[in-house]
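S.K.: Provided below: query_39.cif, containing mmCIF, C-alpha atoms and all ligand atoms.
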```cif
data_my_file
#
loop_
_atom_site.label_atom_id
_atom_site.label_comp_id
_atom_site.auth_asym_id
_atom_site.auth_seq_id
_atom_site.Cartn_x
_atom_site.Cartn_y
_atom_site.Cartn_z
CA MET A 1 -3.30 13.08 16.24
CA LEU A 2 -1.55 10.64 18.57
CA THR A 3 2.06 9.67 19.13
CA ASP A 4 1.25 7.29 21.99
CA ALA A 5 1.35 3.65 20.80
CA ALA A 6 -0.40 2.29 23.93
CA GLU A 7 -3.33 4.71 23.53
CA ALA A 8 -3.60 3.77 19.83
CA ALA A 9 -3.78 0.09 20.83
CA ARG A 10 -6.50 0.86 23.39
CA ARG A 11 -8.64 2.60 20.76
CA LEU A 12 -8.26 -0.38 18.43
CA ALA A 13 -9.14 -2.81 21.23
CA ASP A 14 -12.28 -0.71 21.89
CA GLY A 15 -13.39 -1.10 18.27
CA GLY A 16 -12.01 2.22 16.97
CA LEU A 17 -10.04 2.85 13.79
CA VAL A 18 -6.44 4.06 13.88
CA ALA A 19 -4.42 5.32 10.92
CA ILE A 20 -0.97 3.79 11.33
CA PRO A 21 2.44 4.76 9.94
CA THR A 22 4.39 2.08 8.09
CA GLU A 23 7.58 2.21 6.03
CA THR A 24 5.50 2.08 2.81
CA VAL A 25 2.35 4.24 3.23
CA TYR A 26 -0.10 4.98 6.06
CA GLY A 27 -2.74 2.31 6.65
CA LEU A 28 -6.24 2.62 8.16
CA ALA A 29 -6.32 -0.11 10.81
CA ALA A 30 -9.03 -2.00 12.66
CA ASP A 31 -8.75 -5.01 15.00
CA ALA A 32 -8.68 -7.79 12.36
CA THR A 33 -10.72 -10.10 14.58
CA ASP A 34 -13.58 -7.56 14.95
CA PRO A 35 -15.86 -7.71 11.86
CA VAL A 36 -17.82 -4.61 12.96
CA ALA A 37 -14.67 -2.46 13.15
CA VAL A 38 -13.47 -3.95 9.84
CA ALA A 39 -16.76 -2.97 8.19
CA ARG A 40 -16.13 0.64 9.23
CA VAL A 41 -12.76 0.59 7.41
CA TYR A 42 -14.61 -0.19 4.16
CA ASP A 43 -17.12 2.60 4.89
CA VAL A 44 -14.49 5.25 5.61
CA LYS A 45 -12.44 4.29 2.55
CA GLY A 46 -15.47 4.03 0.30
CA ARG A 47 -14.16 0.67 -0.83
CA PRO A 48 -16.28 -2.26 -2.11
CA THR A 49 -16.40 -5.01 0.52
CA ASP A 50 -15.15 -7.70 -1.87
CA HIS A 51 -11.71 -6.04 -1.98
CA PRO A 52 -9.59 -7.76 0.67
CA LEU A 53 -7.46 -5.93 3.26
CA ILE A 54 -3.87 -6.61 4.35
CA VAL A 55 -3.40 -8.04 7.85
CA HIS A 56 -0.51 -6.42 9.75
CA VAL A 57 1.19 -8.24 12.62
CA ALA A 58 4.10 -7.53 14.99
CA ASP A 59 5.92 -10.84 14.66
CA ILE A 60 6.06 -14.22 12.95
CA GLU A 61 4.21 -15.93 15.85
CA THR A 62 1.19 -13.68 15.28
CA ALA A 63 1.49 -14.26 11.52
CA ARG A 64 1.25 -18.02 12.18
CA ARG A 65 -2.05 -17.46 14.02
CA CYS A 66 -3.47 -15.74 10.90
CA CYS A 67 -2.20 -17.85 8.01
CA VAL A 68 -0.45 -21.09 7.07
CA LEU A 69 3.19 -20.51 6.10
CA ASP A 70 4.73 -23.04 3.69
CA SER A 71 8.50 -23.43 3.10
CA ARG A 72 8.44 -20.61 0.54
CA ALA A 73 6.78 -18.26 3.05
CA GLU A 74 9.28 -19.28 5.73
CA ALA A 75 12.13 -18.40 3.36
CA LEU A 76 10.60 -15.03 2.42
CA SER A 77 9.84 -14.18 6.05
CA MET A 78 13.49 -13.19 6.47
CA LEU A 79 12.44 -9.97 4.68
CA TRP A 80 10.07 -9.11 7.58
CA PRO A 81 9.65 -6.56 9.00
CA GLY A 82 9.65 -5.03 5.54
CA PRO A 83 7.71 -3.96 2.44
CA LEU A 84 6.58 -7.45 1.43
CA THR A 85 3.02 -8.80 1.64
CA MET A 86 2.42 -12.54 1.26
CA ILE A 87 -0.90 -14.09 0.18
CA LEU A 88 -1.37 -17.36 2.10
CA PRO A 89 -4.22 -19.66 3.20
CA ARG A 90 -6.05 -18.00 6.10
CA THR A 91 -6.85 -19.49 9.50
CA GLU A 92 -10.13 -19.28 11.44
CA LEU A 93 -8.83 -16.27 13.40
CA VAL A 94 -9.23 -14.06 10.32
CA PRO A 95 -12.90 -13.36 9.57
CA ALA A 96 -14.18 -13.40 5.98
CA ALA A 97 -14.93 -9.67 6.39
CA VAL A 98 -11.17 -9.02 6.14
CA THR A 99 -10.55 -11.12 3.03
CA GLY A 100 -13.62 -10.24 0.98
CA GLY A 101 -14.76 -13.83 1.44
CA LEU A 102 -11.52 -15.33 0.06
CA GLU A 103 -9.92 -18.37 1.73
CA SER A 104 -6.54 -16.63 1.44
CA VAL A 105 -5.25 -13.67 3.44
CA ALA A 106 -2.63 -10.99 2.74
CA VAL A 107 -0.15 -10.66 5.64
CA ARG A 108 2.86 -8.53 6.42
CA ILE A 109 5.03 -7.27 9.29
CA PRO A 110 5.47 -3.52 8.70
CA ASP A 111 8.84 -1.93 9.47
CA HIS A 112 7.92 1.06 11.61
CA PRO A 113 8.89 1.28 15.31
CA LEU A 114 5.73 3.08 16.48
CA THR A 115 3.35 0.69 14.71
CA LEU A 116 5.30 -2.36 15.89
CA GLU A 117 5.07 -1.01 19.46
CA MET A 118 1.32 -0.44 19.00
CA LEU A 119 0.84 -3.98 17.64
CA ARG A 120 2.72 -5.46 20.62
CA HIS A 121 0.43 -3.56 23.00
CA LEU A 122 -2.63 -4.81 21.09
CA GLY A 123 -1.31 -8.39 21.07
CA GLY A 124 -3.11 -9.35 17.85
CA PRO A 125 -3.48 -8.57 14.14
CA VAL A 126 -4.92 -5.43 12.54
CA ALA A 127 -6.48 -5.26 9.09
CA ALA A 128 -5.45 -2.14 7.17
CA PRO A 129 -5.71 -0.88 3.60
CA SER A 130 -3.89 2.30 2.60
CA ALA A 131 -5.56 5.20 4.46
CA ASN A 132 -6.76 7.09 1.37
CA ARG A 133 -10.19 7.36 -0.20
CA PHE A 134 -10.96 4.82 -2.91
CA GLY A 135 -8.92 5.25 -6.14
CA ARG A 136 -6.81 8.18 -4.93
CA VAL A 137 -3.08 8.23 -4.15
CA SER A 138 -1.92 6.70 -0.88
CA PRO A 139 -0.99 8.90 2.12
CA THR A 140 2.68 9.05 3.18
CA THR A 141 2.31 11.56 6.04
CA ALA A 142 -0.18 11.93 8.90
CA ASP A 143 -1.27 15.25 7.33
CA HIS A 144 -2.19 13.43 4.11
CA VAL A 145 -4.38 11.07 6.15
CA VAL A 146 -6.15 13.94 7.90
CA ALA A 147 -6.71 15.69 4.56
CA ASP A 148 -8.17 12.52 2.99
CA ILE A 149 -10.31 10.98 5.74
CA GLY A 150 -9.96 13.24 8.82
CA THR A 151 -13.59 14.33 8.77
CA LEU A 152 -14.78 10.71 8.50
CA LEU A 153 -13.04 9.63 11.72
CA ASP A 154 -14.64 9.88 15.16
CA PRO A 155 -12.42 12.15 17.32
CA VAL A 156 -13.16 10.15 20.47
CA ARG A 157 -13.01 6.54 19.25
CA ASP A 158 -10.61 6.79 16.29
CA ALA A 159 -7.14 8.32 15.86
CA VAL A 160 -4.27 9.08 13.53
CA LEU A 161 -0.94 7.80 14.88
CA ASP A 162 1.74 10.19 13.64
CA GLY A 163 5.01 8.41 12.86
CA GLY A 164 6.45 10.97 10.45
CA PRO A 165 6.84 10.60 6.69
CA CYS A 166 7.03 7.07 5.25
CA LEU A 167 10.55 6.11 4.20
CA VAL A 168 9.75 3.82 1.24
CA GLY A 169 6.79 5.84 0.00
CA ILE A 170 5.00 3.29 -2.20
CA GLU A 171 2.94 0.23 -1.25
CA SER A 172 4.48 -3.15 -0.46
CA THR A 173 5.37 -5.81 -3.01
CA ILE A 174 2.55 -8.41 -3.02
CA VAL A 175 3.50 -12.03 -3.72
CA ASP A 176 0.81 -14.71 -4.08
CA LEU A 177 1.99 -17.96 -2.48
CA THR A 178 -1.31 -19.79 -2.95
CA VAL A 179 -0.07 -20.72 -6.45
CA GLN A 180 3.07 -22.44 -7.70
CA PRO A 181 5.13 -20.78 -9.06
CA ALA A 182 4.56 -17.76 -6.82
CA GLN A 183 3.15 -14.71 -8.62
CA ILE A 184 4.00 -11.06 -8.08
CA LEU A 185 0.63 -9.25 -7.91
CA ARG A 186 2.06 -5.79 -7.22
CA PRO A 187 5.70 -4.64 -7.62
CA GLY A 188 7.26 -2.73 -4.71
CA ALA A 189 10.56 -2.05 -2.98
CA VAL A 190 11.27 -5.80 -2.63
CA SER A 191 12.36 -6.73 -6.16
CA GLY A 192 11.43 -9.83 -8.14
CA GLN A 193 15.13 -10.64 -8.30
CA LEU A 194 15.41 -10.74 -4.51
CA LEU A 195 12.26 -12.90 -4.22
CA ASP A 196 13.64 -15.30 -6.84
CA ARG A 197 16.95 -15.62 -5.03
CA LEU A 198 15.15 -16.62 -1.81
CA LEU A 199 12.52 -18.82 -3.47
CA LEU A 200 14.70 -20.85 -5.86
CA PRO A 201 16.45 -22.97 -3.20
CA VAL A 202 13.14 -23.97 -1.53
CA SER A 203 10.72 -24.20 -4.46
CA GLY A 204 12.88 -24.80 -7.53
CA SER A 205 11.08 -22.09 -9.48
CA PRO A 206 11.31 -18.31 -9.65
CA THR A 207 8.30 -15.98 -9.44
CA ALA A 208 5.98 -15.62 -12.41
CA ALA A 209 4.06 -12.60 -13.66
CA ALA A 210 0.50 -12.28 -12.38
CA SER A 211 -2.07 -14.16 -14.43
CA GLY A 212 -5.76 -14.95 -14.14
CA PRO A 213 -8.43 -12.60 -12.76
CA SER A 214 -7.27 -9.31 -11.22
CA ARG A 215 -6.80 -9.99 -7.52
CA ALA A 216 -4.87 -6.97 -6.28
CA SER A 217 -6.42 -3.53 -6.73
CA GLY A 218 -3.01 -2.37 -7.88
CA MET A 219 -3.58 -4.60 -10.91
CA LEU A 220 -6.51 -2.46 -12.05
CA ALA A 221 -5.55 -0.16 -14.94
CA SER A 222 -6.57 3.15 -13.35
CA HIS A 223 -5.47 3.54 -9.75
CA TYR A 224 -3.32 5.72 -7.50
CA ALA A 225 -4.74 8.69 -9.40
CA PRO A 226 -4.50 12.41 -8.58
CA ALA A 227 -7.37 14.63 -9.75
CA ARG A 228 -5.46 16.34 -12.59
CA PRO A 229 -4.51 14.40 -15.73
CA VAL A 230 -1.02 12.88 -15.56
CA GLN A 231 1.33 12.49 -18.52
CA LEU A 232 4.54 10.48 -18.46
CA VAL A 233 7.87 11.16 -20.14
CA GLU A 234 10.94 8.91 -20.38
CA ARG A 235 14.24 10.35 -19.14
CA GLU A 236 15.63 10.48 -22.67
CA GLU A 237 12.76 12.76 -23.71
CA ARG A 238 12.75 15.13 -20.75
CA ASP A 239 14.35 17.99 -22.67
CA THR A 240 11.24 18.09 -24.85
CA ILE A 241 8.89 19.03 -21.96
CA GLY A 242 7.43 22.51 -22.41
CA ASN A 243 6.85 24.26 -19.08
CA ASP A 244 3.54 25.80 -20.06
CA HIS A 245 0.32 24.55 -18.48
CA THR A 246 1.91 21.59 -16.73
CA ALA A 247 3.52 21.00 -13.32
CA VAL A 248 6.69 18.93 -13.84
CA ILE A 249 7.88 16.28 -11.37
CA ASP A 250 11.36 14.94 -12.07
CA ARG A 251 13.17 12.75 -9.54
CA SER A 252 14.12 10.26 -12.23
CA ASP A 253 17.83 10.42 -11.32
CA ASP A 254 17.16 8.67 -8.02
CA PRO A 255 14.44 5.98 -7.99
CA VAL A 256 14.56 5.62 -4.18
CA GLU A 257 13.83 9.34 -3.74
CA ALA A 258 11.28 9.18 -6.57
CA ALA A 259 9.37 6.49 -4.60
CA ARG A 260 9.74 8.23 -1.23
CA HIS A 261 8.26 11.50 -2.52
CA LEU A 262 5.97 10.15 -5.26
CA TYR A 263 2.60 10.62 -3.58
CA ASP A 264 3.51 13.90 -1.86
CA ASP A 265 4.78 15.22 -5.21
CA LEU A 266 1.53 14.20 -6.93
CA ARG A 267 -0.59 15.74 -4.15
CA ARG A 268 1.34 19.02 -4.30
CA ALA A 269 1.17 19.15 -8.08
CA ASP A 270 -2.56 18.55 -7.78
CA SER A 271 -3.24 21.28 -5.24
CA GLN A 272 -0.67 23.97 -6.08
CA PRO A 273 0.19 23.59 -9.73
CA ALA A 274 2.59 26.05 -11.37
CA SER A 275 0.58 29.06 -12.42
CA GLY A 276 -1.81 28.15 -15.18
CA ALA A 277 -0.89 24.45 -15.06
CA THR A 278 -3.78 22.11 -15.77
CA THR A 279 -1.86 18.83 -16.01
CA ILE A 280 0.99 17.02 -14.27
CA THR A 281 4.03 15.75 -16.19
CA VAL A 282 6.21 13.13 -14.49
CA VAL A 283 9.62 11.94 -15.69
CA LEU A 284 9.86 8.15 -15.27
CA PRO A 285 12.82 6.58 -13.44
CA ALA A 286 14.65 3.78 -15.27
CA ASP A 287 13.02 0.34 -15.42
CA ASP A 288 15.61 -1.19 -13.04
CA GLY A 289 13.72 -4.34 -12.01
CA GLY A 290 13.42 -2.91 -8.48
CA ILE A 291 11.96 0.24 -6.98
CA GLY A 292 12.20 2.10 -10.31
CA THR A 293 9.96 -0.56 -11.88
CA ALA A 294 7.49 -0.20 -9.00
CA VAL A 295 7.38 3.61 -9.37
CA ARG A 296 6.75 3.18 -13.10
CA ASP A 297 3.88 0.79 -12.31
CA ARG A 298 2.20 3.34 -9.99
CA LEU A 299 2.73 6.16 -12.49
CA ARG A 300 1.24 4.14 -15.35
CA LYS A 301 -1.84 3.64 -13.19
CA ALA A 302 -1.95 7.34 -12.24
CA ALA A 303 -1.84 8.22 -15.95
CA ALA A 304 -4.28 5.57 -17.18
CA PRO A 305 -7.56 6.69 -18.76
CA ARG A 306 -10.21 6.92 -16.04
CA ASP A 307 -13.71 5.60 -16.09
CA HIS A 308 -15.55 7.56 -13.43
CA HIS A 309 -18.56 5.28 -13.67
CA ARG A 310 -16.68 2.19 -12.65
CA THR A 311 -17.25 1.11 -9.09
CA SER A 312 -14.57 -1.56 -8.93
CA ARG A 313 -11.69 0.89 -8.77
CA ASP A 314 -10.31 1.01 -5.28
CA GLY A 315 -7.45 2.36 -3.26
O1 LIG B 1 2.26 -1.20 1.76
C1 LIG B 1 1.13 -1.65 1.83
O2 LIG B 1 0.83 -2.79 1.39
C2 LIG B 1 0.04 -0.76 2.45
C3 LIG B 1 0.39 -0.57 3.93
C4 LIG B 1 -0.69 0.15 4.68
O3 LIG B 1 0.68 -1.81 4.51
N1 LIG B 1 -1.26 -1.33 2.29
C5 LIG B 1 -1.93 -1.36 1.11
O4 LIG B 1 -3.21 -1.86 1.22
O5 LIG B 1 -1.46 -0.99 0.05
P1 LIG B 1 -4.32 -1.76 0.08
O6 LIG B 1 -5.56 -2.27 0.69
O7 LIG B 1 -4.38 -0.39 -0.45
O8 LIG B 1 -3.86 -2.80 -0.95
C6 LIG B 1 -3.92 -4.15 -0.61
C7 LIG B 1 -3.88 -5.00 -1.81
C8 LIG B 1 -5.13 -4.84 -2.63
O9 LIG B 1 -4.73 -4.64 -3.97
C9 LIG B 1 -5.85 -6.15 -2.43
O10 LIG B 1 -6.60 -6.49 -3.55
C10 LIG B 1 -4.68 -7.10 -2.21
O11 LIG B 1 -3.80 -6.36 -1.43
N2 LIG B 1 -5.08 -8.28 -1.44
C11 LIG B 1 -5.42 -8.34 -0.15
N3 LIG B 1 -5.77 -9.59 0.20
C12 LIG B 1 -5.64 -10.34 -0.90
C13 LIG B 1 -5.87 -11.73 -1.18
N4 LIG B 1 -6.30 -12.58 -0.25
N5 LIG B 1 -5.63 -12.15 -2.44
C14 LIG B 1 -5.20 -11.28 -3.38
N6 LIG B 1 -4.97 -9.96 -3.18
C15 LIG B 1 -5.19 -9.50 -1.96
MG MG B 2 -4.37 1.25 -1.55
#
```
What does this structure look like when you write it as structure tokens?
M.R.:
Amino acid sequence: MLTDAAEAARRLADGGLVAIPTETVYGLAADATDPVAVARVYDVKGRPTDHPLIVHVADIETARRCCVLDSRAEALSMLWPGPLTMILPRTELVPAAVTGGLESVAVRIPDHPLTLEMLRHLGGPVAAPSANRFGRVSPTTADHVVADIGTLLDPVRDAVLDGGPCLVGIESTIVDLTVQPAQILRPGAVSGQLLDRLLLPVSGSPTAAASGPSRASGMLASHYAPARPVQLVEREERDTIGNDHTAVIDRSDDPVEAARHLYDDLRRADSQPASGATTITVVLPADDGGIGTAVRDRLRKAAAPRDHHRTSRDG
């Protein structure tokens, strides 16, 4: 594990992979302009190559080299660095290997000092999906990354940059700006209400729900799944939970804390369940239109029926 941002940048520049801390979850990064390194990200994750990656940049100038920002994107860019990913038309700098062949690219400026420092040393964009194996819950600590993919990384060329636990804890909000009105493809800490407030003055229309073919993996029904079956309970019903044979997670009183600890809670419940527990029961935070809604979205996917034969599920 590394804590040296300059060394992490050197490994990326040499074609290595580096797991990077962000405010949302850890990502598995490669130099976005290096298709060979990007191909290794797909290998290590076990992810189909038609599932596009998010490009992470240090500043708006680098974002402009990767994608075309319209007036809506300019307005939303005041939320950067932060947990917001924008889908925009890509430029030539971003190879098709990053976008699964799409003409659009997902871009964000992550809000983590160590990763921003690393990106400034590198001087260009990195492509990074969440640093978990395909279909499993995202990592929110460097230890989670090592547990998930540590053995798949090359100790000399690759690295895990340890920036401590992620403060938001769930993946960024994804907004598709290649359509009008803009569509929210994945809810996150940036709420639809906040996006609408920034978009209305420049575009005249608020965001719409996602429609058309599933474009974000978070839109797939089963996703973000621990190994044990997950059942969900509304706050009003929590007194009815029996404590036999199930590990109970209840942070429903505080949706911010529920998000911050969600994946660590699920991992712990998976690996050290209460004695005799075979399932995980999670109490849902209120549907508040913000982070509570995003936590509910991830939990619905963690609890969805799984089809182990499907190959299109990703992480
Ligand atoms: O918070 C986050 O977004 C984290 C951290 C590491 O930044 N990253 C993350 O990446 O969650 P990943 O790969 O697990 O999810 C990226 C999502 C996928 O659902 C992918 O389908 C969608 O972004 N995506 C990427 N490019 C896209 C595009 N051009 N059009 C539509 N969806 C896209
Ligand atoms: Mg993911």
S.K.: With a distance cut-off of 6 Å and all atoms listed in the file, select the neighbouring residues of segment 54-63 of chain A, excluding the residue or stretch itself and same-chain residues fewer than 2 positions from it, and output the selection as a CSV table (one decimal) with C-alpha atoms, in the frame of the given file.
M.R.:
```
chain,number,residue,atom,x,y,z
A,65,ARG,CA,-2.0,-17.5,14.0
A,66,CYS,CA,-3.5,-15.7,10.9
A,106,ALA,CA,-2.6,-11.0,2.7
A,107,VAL,CA,-0.2,-10.7,5.6
A,108,ARG,CA,2.9,-8.5,6.4
A,109,ILE,CA,5.0,-7.3,9.3
A,116,LEU,CA,5.3,-2.4,15.9
A,119,LEU,CA,0.8,-4.0,17.6
A,125,PRO,CA,-3.5,-8.6,14.1
A,126,VAL,CA,-4.9,-5.4,12.5
A,127,ALA,CA,-6.5,-5.3,9.1
A,128,ALA,CA,-5.4,-2.1,7.2
```
S.K.: A:Thr91, A:Ser252, A:Thr85, A:Ser203: which is nearest Ile174 of chain A, counting all atoms listed in the file?
M.R.: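 Distance minimum relative to Ile174 of chain A lands on A:Thr85.
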S.K.: Smallest atom-to-atom distance to Val94 of chain A: which of A:Arg40, A:Arg10, A:Arg268, A:Arg64, using only C-alpha atoms?
M.R.: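 Using only C-alpha atoms, the shortest distance to Val94 of chain A belongs to A:Arg64.
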S.K.: What does the distance from atom CA of Arg228 of chain A to atom CA of Thr279 of chain A come to in Å, to one decimal?
M.R.: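 The value is 5.6 Å.
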S.K.: Check the smallest atom-to-atom distance from each of A:Leu153, A:Leu88, A:Val146, A:Ala159 to Val175 of chain A using all atoms listed in the file, then report the winner.
M.R.: A:Leu88
S.K.: Considering all atoms listed in the file, give me a table of residues in chain A that are at most 8 Å from ligand LIG 1 (chain B), with the closest atom pair and distance in Å for each, as JSON lines.
M.R.:
```
{"residue": "A:Ile20", "atom": "CA", "partner": "B:LIG1", "partner_atom": "C4", "distance": 7.6}
{"residue": "A:Pro21", "atom": "CA", "partner": "B:LIG1", "partner_atom": "C4", "distance": 7.7}
{"residue": "A:Thr22", "atom": "CA", "partner": "B:LIG1", "partner_atom": "C3", "distance": 6.4}
{"residue": "A:Glu23", "atom": "CA", "partner": "B:LIG1", "partner_atom": "O1", "distance": 7.6}
{"residue": "A:Thr24", "atom": "CA", "partner": "B:LIG1", "partner_atom": "O1", "distance": 4.7}
{"residue": "A:Val25", "atom": "CA", "partner": "B:LIG1", "partner_atom": "C3", "distance": 5.2}
{"residue": "A:Tyr26", "atom": "CA", "partner": "B:LIG1", "partner_atom": "C4", "distance": 5.1}
{"residue": "A:Gly27", "atom": "CA", "partner": "B:LIG1", "partner_atom": "C4", "distance": 3.6}
{"residue": "A:Leu28", "atom": "CA", "partner": "B:LIG1", "partner_atom": "C4", "distance": 7.0}
{"residue": "A:His51", "atom": "CA", "partner": "B:LIG1", "partner_atom": "O10", "distance": 5.4}
{"residue": "A:Pro52", "atom": "CA", "partner": "B:LIG1", "partner_atom": "N3", "distance": 4.3}
{"residue": "A:Leu53", "atom": "CA", "partner": "B:LIG1", "partner_atom": "C11", "distance": 4.6}
{"residue": "A:Ile54", "atom": "CA", "partner": "B:LIG1", "partner_atom": "C11", "distance": 5.1}
{"residue": "A:His56", "atom": "CA", "partner": "B:LIG1", "partner_atom": "O3", "distance": 7.1}
{"residue": "A:Pro83", "atom": "CA", "partner": "B:LIG1", "partner_atom": "O1", "distance": 6.1}
{"residue": "A:Leu84", "atom": "CA", "partner": "B:LIG1", "partner_atom": "O2", "distance": 7.4}
{"residue": "A:Thr85", "atom": "CA", "partner": "B:LIG1", "partner_atom": "O2", "distance": 6.4}
{"residue": "A:Ile87", "atom": "CA", "partner": "B:LIG1", "partner_atom": "N4", "distance": 5.6}
{"residue": "A:Leu88", "atom": "CA", "partner": "B:LIG1", "partner_atom": "N4", "distance": 7.3}
{"residue": "A:Thr99", "atom": "CA", "partner": "B:LIG1", "partner_atom": "N4", "distance": 5.6}
{"residue": "A:Gly100", "atom": "CA", "partner": "B:LIG1", "partner_atom": "N4", "distance": 7.8}
{"residue": "A:Leu102", "atom": "CA", "partner": "B:LIG1", "partner_atom": "N4", "distance": 5.9}
{"residue": "A:Glu103", "atom": "CA", "partner": "B:LIG1", "partner_atom": "N4", "distance": 7.1}
{"residue": "A:Ser104", "atom": "CA", "partner": "B:LIG1", "partner_atom": "N4", "distance": 4.4}
{"residue": "A:Val105", "atom": "CA", "partner": "B:LIG1", "partner_atom": "N4", "distance": 4.0}
{"residue": "A:Ala106", "atom": "CA", "partner": "B:LIG1", "partner_atom": "N3", "distance": 4.3}
{"residue": "A:Val107", "atom": "CA", "partner": "B:LIG1", "partner_atom": "N3", "distance": 7.9}
{"residue": "A:Arg108", "atom": "CA", "partner": "B:LIG1", "partner_atom": "O3", "distance": 7.3}
{"residue": "A:Pro110", "atom": "CA", "partner": "B:LIG1", "partner_atom": "O3", "distance": 6.6}
{"residue": "A:Ala128", "atom": "CA", "partner": "B:LIG1", "partner_atom": "C4", "distance": 5.8}
{"residue": "A:Pro129", "atom": "CA", "partner": "B:LIG1", "partner_atom": "O6", "distance": 3.2}
{"residue": "A:Ser130", "atom": "CA", "partner": "B:LIG1", "partner_atom": "O7", "distance": 4.1}
{"residue": "A:Ala131", "atom": "CA", "partner": "B:LIG1", "partner_atom": "C4", "distance": 7.0}
{"residue": "A:Ser138", "atom": "CA", "partner": "B:LIG1", "partner_atom": "O7", "distance": 7.5}
{"residue": "A:Ile170", "atom": "CA", "partner": "B:LIG1", "partner_atom": "O1", "distance": 6.6}
{"residue": "A:Glu171", "atom": "CA", "partner": "B:LIG1", "partner_atom": "O1", "distance": 3.4}
{"residue": "A:Ser172", "atom": "CA", "partner": "B:LIG1", "partner_atom": "O1", "distance": 3.7}
{"residue": "A:Thr173", "atom": "CA", "partner": "B:LIG1", "partner_atom": "O2", "distance": 7.0}
{"residue": "A:Ile174", "atom": "CA", "partner": "B:LIG1", "partner_atom": "O11", "distance": 6.9}
{"residue": "A:Asp176", "atom": "CA", "partner": "B:LIG1", "partner_atom": "C14", "distance": 7.0}
{"residue": "A:Leu185", "atom": "CA", "partner": "B:LIG1", "partner_atom": "N6", "distance": 7.4}
{"residue": "A:Arg186", "atom": "CA", "partner": "B:LIG1", "partner_atom": "O9", "distance": 7.6}
{"residue": "A:Arg215", "atom": "CA", "partner": "B:LIG1", "partner_atom": "C14", "distance": 4.6}
{"residue": "A:Ala216", "atom": "CA", "partner": "B:LIG1", "partner_atom": "O10", "distance": 3.3}
{"residue": "A:Ser217", "atom": "CA", "partner": "B:LIG1", "partner_atom": "O9", "distance": 3.4}
{"residue": "A:Gly218", "atom": "CA", "partner": "B:LIG1", "partner_atom": "O9", "distance": 4.8}
{"residue": "A:Met219", "atom": "CA", "partner": "B:LIG1", "partner_atom": "O9", "distance": 7.0}
{"residue": "A:Asp314", "atom": "CA", "partner": "B:LIG1", "partner_atom": "O7", "distance": 7.8}
{"residue": "A:Gly315", "atom": "CA", "partner": "B:LIG1", "partner_atom": "O7", "distance": 5.0}
```
S.K.: Could you work out how far atom CA of Arg120 of chain A lies from atom CA of Arg260 of chain A, giving the answer in Å with one decimal?
M.R.: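 Answer for the atom CA of Arg260 of chain A to atom CA of Arg120 of chain A separation: 26.7 Å.
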S.K.: Please identify all polymer residues within 10 Å of segment 293-302 of chain A, counting all atoms listed in the file, omitting same-chain residues fewer than 3 positions from it, and present them as a CSV table (one decimal) with C-alpha atoms, in the coordinates of the input.
M.R.:
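out-v2.csv, freshly written:
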```csv
chain,number,residue,atom,x,y,z
A,135,GLY,CA,-8.9,5.2,-6.1
A,136,ARG,CA,-6.8,8.2,-4.9
A,137,VAL,CA,-3.1,8.2,-4.2
A,169,GLY,CA,6.8,5.8,0.0
A,170,ILE,CA,5.0,3.3,-2.2
A,171,GLU,CA,2.9,0.2,-1.2
A,172,SER,CA,4.5,-3.2,-0.5
A,173,THR,CA,5.4,-5.8,-3.0
A,186,ARG,CA,2.1,-5.8,-7.2
A,187,PRO,CA,5.7,-4.6,-7.6
A,188,GLY,CA,7.3,-2.7,-4.7
A,189,ALA,CA,10.6,-2.0,-3.0
A,190,VAL,CA,11.3,-5.8,-2.6
A,191,SER,CA,12.4,-6.7,-6.2
A,218,GLY,CA,-3.0,-2.4,-7.9
A,219,MET,CA,-3.6,-4.6,-10.9
A,220,LEU,CA,-6.5,-2.5,-12.0
A,221,ALA,CA,-5.6,-0.2,-14.9
A,222,SER,CA,-6.6,3.2,-13.4
A,223,HIS,CA,-5.5,3.5,-9.8
A,224,TYR,CA,-3.3,5.7,-7.5
A,225,ALA,CA,-4.7,8.7,-9.4
A,226,PRO,CA,-4.5,12.4,-8.6
A,227,ALA,CA,-7.4,14.6,-9.8
A,228,ARG,CA,-5.5,16.3,-12.6
A,229,PRO,CA,-4.5,14.4,-15.7
A,230,VAL,CA,-1.0,12.9,-15.6
A,231,GLN,CA,1.3,12.5,-18.5
A,232,LEU,CA,4.5,10.5,-18.5
A,252,SER,CA,14.1,10.3,-12.2
A,255,PRO,CA,14.4,6.0,-8.0
A,256,VAL,CA,14.6,5.6,-4.2
A,258,ALA,CA,11.3,9.2,-6.6
A,259,ALA,CA,9.4,6.5,-4.6
A,260,ARG,CA,9.7,8.2,-1.2
A,262,LEU,CA,6.0,10.2,-5.3
A,263,TYR,CA,2.6,10.6,-3.6
A,266,LEU,CA,1.5,14.2,-6.9
A,282,VAL,CA,6.2,13.1,-14.5
A,283,VAL,CA,9.6,11.9,-15.7
A,284,LEU,CA,9.9,8.2,-15.3
A,285,PRO,CA,12.8,6.6,-13.4
A,286,ALA,CA,14.6,3.8,-15.3
A,287,ASP,CA,13.0,0.3,-15.4
A,288,ASP,CA,15.6,-1.2,-13.0
A,289,GLY,CA,13.7,-4.3,-12.0
A,290,GLY,CA,13.4,-2.9,-8.5
A,305,PRO,CA,-7.6,6.7,-18.8
A,306,ARG,CA,-10.2,6.9,-16.0
```
S.K.: Compare A:Thr140, A:Thr115, A:Ser271, A:Thr3 by their minimum atom-to-atom distance to ligand MG 2 (chain B), counting all atoms listed in the file, and give me the closest one.
M.R.: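 Comparing A:Thr140, A:Thr115, A:Ser271, A:Thr3 against ligand MG 2 (chain B), the winner is A:Thr140.
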S.K.: One decimal, in Å: what's the spacing between atom CA of Ala277 of chain A and atom CA of Ala247 of chain A?
M.R.: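 Atom-to-atom, atom CA of Ala277 of chain A to atom CA of Ala247 of chain A, that is 5.9 Å.
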